[in-house]
Structures are given as C-alpha cells and as structure tokens.
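Enquirer: I'd like to ask you about the structure that follows.
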Amino acid sequence: MSSTQTIQYKAGMLMIPDISGFTDFVINTNMFIGKYITESLLKSIVESNNLSLEVSEIEGDAVLFYKYDQIPSFDDVIVQIVVMYNNFKKEVSRLSVELAMEIPLSLKIIVHYGLFTQYKIGRFEKLYGAPVVEAHKMLKNHIAKFPPYALFSDAFLKANFEQPATSTLEYDNCDNCMYLSEIGYIHYL
C-alpha cells in the first residue's frame, strides 16, 4: 500500500443473528430438507430487517448485518430483534407443520459497535476490523446460559447510554437478563 492510500475506518453497528443447534441439525437432517429449512429460516431473518441494515454476508447459519452512520437506538434494536426472533419462530413452526418434523433450532443475536472498514475482491465486499472479529467471538461466549438471546456488547451500550448498567435495568423483563461490564447486556427472548 502506498503512503498516499489511507484506510477509511468508520464507526458502525454490527448485528449477527446466528441459528443455534445448526451443526447437529445439518449432521442429522436429510441434505435437501435441511437446505430447504435453512434457506427458509435465513430468508425470514433477512426479510425481518426493519432497520435497513446492510447485509455483508450470509454464511452457513448466520447473517452479518452492519450499518454505518445513524446507528439505531438501543430501543430500536430491541424492537428489531424481537421482530426478527418472532418471524424466525413463526417460520420454524410453519416448517415443522409442513414437513411433519421437529426442528430443534433457536436464535442468538450479537450486537456490537466499533470502527471497521470494507475491502472488495471481485464482486465480494468484506468487512474488516477488530469489531468484526470480536462480534464473531461473542457468538462463542460461555456467559449466556441458553438461546434464544441477544447479546449487546458494552461498546454498543456505551454508544447509546452514558450509564449502561442503570440504563439497561428497565429492559430486564426476564429473570436472567443482566448487564456485565466486561461483556455487555444479555437479553433473553
């Protein structure tokens, strides 16, 4: 890279809805039926995007959404997550009836914030930056006890609230919802 080129990092939000139980599901389900179910569930997630988030990629069992500028408020993101989860649940129920089978899948959603950029290879655009890696690591957390849940990073909370610990209290409408300063806020759906 020449010294005249500079990478433009912009502040933005990342959201990753990830289907829980996917690995076992793929291994234990007929390939054609599994593909149909996966495609239908991912489509229900993408079509639930009321915040006009950009889709960076869909990979396996997850969608990587992002948004630069005009970051949605915590309230708006909670509403978005509830809509996404409810549509996902409806689609699981519809598919279970249509295919006469139990579909043991759930959803976990990661919300993060930070500086990241993009690069392009051919027709593919990829996100790059520490927050992208961090958001993917958050999917593998051992703090959340069970899906379905949304995990908001502390960075996202601080972009929305001066005092995240006290500001998230009003959203604690479940027994296990909690704010952890080193992680963020876990909201069970």
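Residues in the structure tokens are named by chain (A, B, ... in the order shown) and by number from 1 within that chain; ligands are numbered from 1 in the order shown.
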With stretch 38-45 of chain A as the partner and 8 Å as the cut-off, tabulate the residues of stretch 87-145 of chain A that qualify, each row holding the nearest pair of atoms and their distance in Å to one decimal, using only C-alpha atoms, sorted by chain and rising number, as a tab-separated table.
Expert:
residue	atom	partner	partner_atom	distance
A:Asn87	CA	A:Ser44	CA	6.2
A:Phe88	CA	A:Ser44	CA	5.9
A:Glu91	CA	A:Leu41	CA	6.4
A:Val92	CA	A:Leu41	CA	7.2
Enquirer: Within chain A, find each residue whose DSSP state, derived from the backbone, is strand (DSSP E), and express the selection as an MDAnalysis selection string.
Expert: chainID A and resid 10:20 54:59 62:68 106:121 124:128 149:153 178:180 184:188
Enquirer: Give me the residues of stretch 127-176 of chain A that have any atom at most 10 Å from an atom of stretch 17-37 of chain A; for each, the nearest atom pair and the distance in Å, rounded to one decimal. Use only C-alpha atoms, sort by chain and number, and format it as CSV.
Expert:
residue,atom,partner,partner_atom,distance
A:His136,CA,A:Asp18,CA,10.0
A:Leu139,CA,A:Asp18,CA,7.8
A:Phe146,CA,A:Ser20,CA,9.4
A:Pro147,CA,A:Ser20,CA,7.0
A:Pro148,CA,A:Ser20,CA,8.2
A:Tyr149,CA,A:Pro17,CA,9.9
A:Ala150,CA,A:Pro17,CA,8.6
Enquirer: Could you check which of A:Asp175, A:Glu54, A:Glu125, A:Glu47 is closest to A:Leu14, using only C-alpha atoms?
Expert: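 Of A:Asp175, A:Glu54, A:Glu125, A:Glu47, the one nearest A:Leu14, counting only C-alpha atoms, is A:Glu54.
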Enquirer: Apply DSSP to the structure's backbone, then extract all residues of stretch 15-57 of chain A labelled alpha helix (DSSP H) and return them as an MDAnalysis selection string.
Expert: chainID A and resid 22:28 31:46
Enquirer: Using only C-alpha atoms, find each residue in stretch 91-181 of chain A having at least one atom no more than 9 Å away from stretch 60-72 of chain A; report its shortest atom-to-atom pair and that distance in Å (one decimal), rows by chain then rising number, as CSV.
Expert:
residue,atom,partner,partner_atom,distance
A:Leu127,CA,A:Tyr66,CA,9.0
A:Ala159,CA,A:Ile71,CA,8.8
A:Asn160,CA,A:Pro72,CA,8.9
Enquirer: Record the distance separating atom CA of A:Met138 and atom CA of A:Phe161, expressed in Å with one decimal.
Expert: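 Here the two named atoms are 20.5 Å from each other.
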Enquirer: From the list A:Asn176, A:Thr168, A:Ser153, A:Ser96, which residue is nearest A:Asp75 when using only C-alpha atoms?
Expert: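 Selected residue with least distance to A:Asp75: A:Thr168.
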